[in-house]
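Here the structure is laid out as structure tokens; the discussion comes afterwards.
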Amino acid sequence: MEPSQSGGGAPDDPWDDLRKRGRRYRTTGVSVPVLLALMSLVGPASWCLAMLVLVAAAAAVIAFFAAAGSYERFRCPRCGGLYFRPGAWSVNPLRKTCAHCGLRKWEPLGDASNAG
Ligand SMILES: [Zn+2]
């Protein structure tokens with residue numbers, strides 16, 4: 001999904017923030033089913049351990065929703081609008097272009113922001 005570091009990697013790359021948010025989104029999204037599967041495995045052996053895993057899974061669900069909200073509130077590096085939200089009540093985290101200015105995801109800004 002993400003391009004390799006070819007030509008990028010600048011310390012102030014505006015897309016780094018989106019990469020971090022996306023990583024958090026995917027990590028928490030994967031951890032929930034893993035923890036629930038772990039709970040089903042340890043449940044028959046130890047009720048107390050299963051409850052601990054259940055609490056961890058509940059915390060992971062909360063972290064997942066927080067990460068999803070953070071990802072969806074990413075602001076476009078060019079126009080400053082909410083990248084994945086064309087309106088107040090619609091959101092599409094799978095967008096490949098900015099909902100407001102059409103900037104393609106991972107596209108280097110270069111001089112485009114100064115052109116006018
Ligand atoms: Zn934009």
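Quick note on naming: the chains in the structure tokens go A, B, ... in the order shown, residues restart at 1 in each chain, and ligands are numbered from 1 in order of appearance.
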
At a cut-off of 8 Å, using only C-alpha atoms, what residues contact region 51-67 of chain A? Leave out same-chain residues fewer than 6 positions from it and give the result as a PyMOL selection string. chain A and resi 21+24-25+28-29+31-32+35-36+38-39

Dump N, CA and C atoms for the selected residues as a tab-separated table (two decimals), in the first residue's frame?
chain	number	residue	atom	x	y	z
A	21	ARG	N	-0.39	7.46	11.54
A	21	ARG	CA	-1.79	7.23	11.88
A	21	ARG	C	-2.30	5.93	11.27
A	24	ARG	N	-0.96	2.93	13.23
A	24	ARG	CA	-1.71	2.77	14.48
A	24	ARG	C	-3.09	2.15	14.20
A	25	TYR	N	-3.73	2.61	13.15
A	25	TYR	CA	-5.06	2.12	12.74
A	25	TYR	C	-5.00	0.62	12.45
A	28	THR	N	-3.96	-1.56	15.75
A	28	THR	CA	-5.05	-1.76	16.71
A	28	THR	C	-6.16	-2.60	16.08
A	29	GLY	N	-6.38	-2.45	14.77
A	29	GLY	CA	-7.40	-3.24	14.09
A	29	GLY	C	-7.09	-4.72	14.09
A	31	SER	N	-5.08	-6.17	16.41
A	31	SER	CA	-4.94	-6.68	17.78
A	31	SER	C	-6.27	-7.13	18.38
A	32	VAL	N	-7.38	-6.54	17.96
A	32	VAL	CA	-8.68	-6.91	18.54
A	32	VAL	C	-9.03	-8.38	18.25
A	35	LEU	N	-6.66	-10.73	20.14
A	35	LEU	CA	-6.94	-10.85	21.58
A	35	LEU	C	-8.20	-11.67	21.83
A	36	LEU	N	-9.21	-11.51	20.96
A	36	LEU	CA	-10.44	-12.30	21.14
A	36	LEU	C	-10.16	-13.78	20.89
A	38	LEU	N	-7.28	-15.20	21.38
A	38	LEU	CA	-6.50	-15.63	22.55
A	38	LEU	C	-7.43	-15.91	23.73
A	39	MET	N	-8.46	-15.05	23.88
A	39	MET	CA	-9.41	-15.25	24.97
A	39	MET	C	-10.13	-16.58	24.83

Test item: residues at most 9 Å from Arg85 (chain A), only C-alpha atoms, excluding those fewer than 4 positions along its chain, as a ChimeraX atom specification: /A:72-73,81,89-93,98-100

Could I get the residue neighbourhood of ligand 1 at 10 Å, counting only C-alpha atoms and all ligand atoms, as a PDB file with C-alpha atoms, in the first residue's frame?
ATOM      1  CA  ARG A  75      -5.527  17.149   7.207  1.00  0.00           C
ATOM      2  CA  CYS A  76      -4.394  17.505   3.613  1.00  0.00           C
ATOM      3  CA  PRO A  77      -0.822  18.825   3.425  1.00  0.00           C
ATOM      4  CA  ARG A  78      -1.769  21.077   0.493  1.00  0.00           C
ATOM      5  CA  CYS A  79      -5.203  22.569   1.239  1.00  0.00           C
ATOM      6  CA  GLY A  80      -5.522  21.825   4.982  1.00  0.00           C
ATOM      7  CA  GLY A  81      -8.975  20.276   4.563  1.00  0.00           C
ATOM      8  CA  LEU A  82      -9.909  16.942   6.093  1.00  0.00           C
ATOM      9  CA  TYR A  83      -8.400  14.528   3.583  1.00  0.00           C
ATOM     10  CA  PHE A  84     -10.916  11.689   3.976  1.00  0.00           C
ATOM     11  CA  THR A  97      -7.208  11.658  -3.412  1.00  0.00           C
ATOM     12  CA  CYS A  98      -7.993  14.603  -1.150  1.00  0.00           C
ATOM     13  CA  ALA A  99     -11.729  15.172  -0.783  1.00  0.00           C
ATOM     14  CA  HIS A 100     -11.212  18.899  -1.303  1.00  0.00           C
ATOM     15  CA  CYS A 101      -8.299  19.612  -3.660  1.00  0.00           C
ATOM     16  CA  GLY A 102      -7.725  16.214  -5.288  1.00  0.00           C
ATOM     17  CA  LEU A 103      -4.121  15.803  -4.086  1.00  0.00           C
ATOM     18  CA  ARG A 104      -3.154  12.186  -4.638  1.00  0.00           C
ATOM     19  CA  LYS A 105      -2.089  10.198  -1.590  1.00  0.00           C
TER      20      LYS A 105
END

DSSP on the backbone, alpha helix (DSSP H) only: what residues of region 35-110 of chain A does that give? Format it as an MDAnalysis selection string. chainID A and resid 35:42 47:72

Requested write-out: C-alpha atoms of the selected residues, as a JSON list (two decimals), in the first residue's frame:
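The resulting file, part01.json, is shown below:
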[["chain", "number", "residue", "atom", "x", "y", "z"],
["A", 35, "LEU", "CA", -6.94, -10.85, 21.58],
["A", 36, "LEU", "CA", -10.44, -12.30, 21.14],
["A", 37, "ALA", "CA", -8.95, -15.47, 19.66],
["A", 38, "LEU", "CA", -6.50, -15.63, 22.55],
["A", 39, "MET", "CA", -9.41, -15.25, 24.97],
["A", 40, "SER", "CA", -11.23, -18.20, 23.41],
["A", 41, "LEU", "CA", -8.05, -20.27, 23.76],
["A", 42, "VAL", "CA", -7.34, -19.48, 27.41],
["A", 47, "TRP", "CA", -11.47, -17.89, 33.79],
["A", 48, "CYS", "CA", -9.36, -15.21, 35.46],
["A", 49, "LEU", "CA", -6.85, -15.09, 32.60],
["A", 50, "ALA", "CA", -9.71, -14.95, 30.10],
["A", 51, "MET", "CA", -11.10, -11.91, 31.93],
["A", 52, "LEU", "CA", -7.70, -10.21, 31.75],
["A", 53, "VAL", "CA", -7.55, -10.84, 28.01],
["A", 54, "LEU", "CA", -11.14, -9.59, 27.68],
["A", 55, "VAL", "CA", -10.19, -6.33, 29.41],
["A", 56, "ALA", "CA", -7.19, -6.01, 27.09],
["A", 57, "ALA", "CA", -9.47, -6.65, 24.08],
["A", 58, "ALA", "CA", -11.90, -3.98, 25.31],
["A", 59, "ALA", "CA", -8.99, -1.54, 25.64],
["A", 60, "ALA", "CA", -7.86, -2.52, 22.13],
["A", 61, "VAL", "CA", -11.36, -1.79, 20.77],
["A", 62, "ILE", "CA", -11.26, 1.68, 22.35],
["A", 63, "ALA", "CA", -7.74, 2.22, 20.96],
["A", 64, "PHE", "CA", -8.95, 1.08, 17.53],
["A", 65, "PHE", "CA", -11.79, 3.62, 17.45],
["A", 66, "ALA", "CA", -9.44, 6.35, 18.66],
["A", 67, "ALA", "CA", -6.92, 5.44, 15.94],
["A", 68, "ALA", "CA", -9.67, 5.32, 13.30],
["A", 69, "GLY", "CA", -10.87, 8.76, 14.33],
["A", 70, "SER", "CA", -7.34, 10.10, 14.26],
["A", 71, "TYR", "CA", -6.75, 8.62, 10.79],
["A", 72, "GLU", "CA", -9.98, 10.09, 9.44]]

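Within chain A, DSSP run on the backbone puts these residues in strand (DSSP E or B): Arg75, Leu82, Gly87, Ser90, Thr97 and Arg104 of chain A.
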
Go ahead and write the selection's residues with C-alpha atoms as a short mmCIF file (atom, residue, chain, number, x, y, z; two decimals), in the first residue's frame.
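Wrote out-v3.cif, looks like this:
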data_model
loop_
_atom_site.label_atom_id
_atom_site.label_comp_id
_atom_site.auth_asym_id
_atom_site.auth_seq_id
_atom_site.Cartn_x
_atom_site.Cartn_y
_atom_site.Cartn_z
CA ARG A 75 -5.53 17.15 7.21
CA LEU A 82 -9.91 16.94 6.09
CA GLY A 87 -18.59 16.60 4.28
CA SER A 90 -19.37 11.35 5.24
CA THR A 97 -7.21 11.66 -3.41
CA ARG A 104 -3.15 12.19 -4.64
#
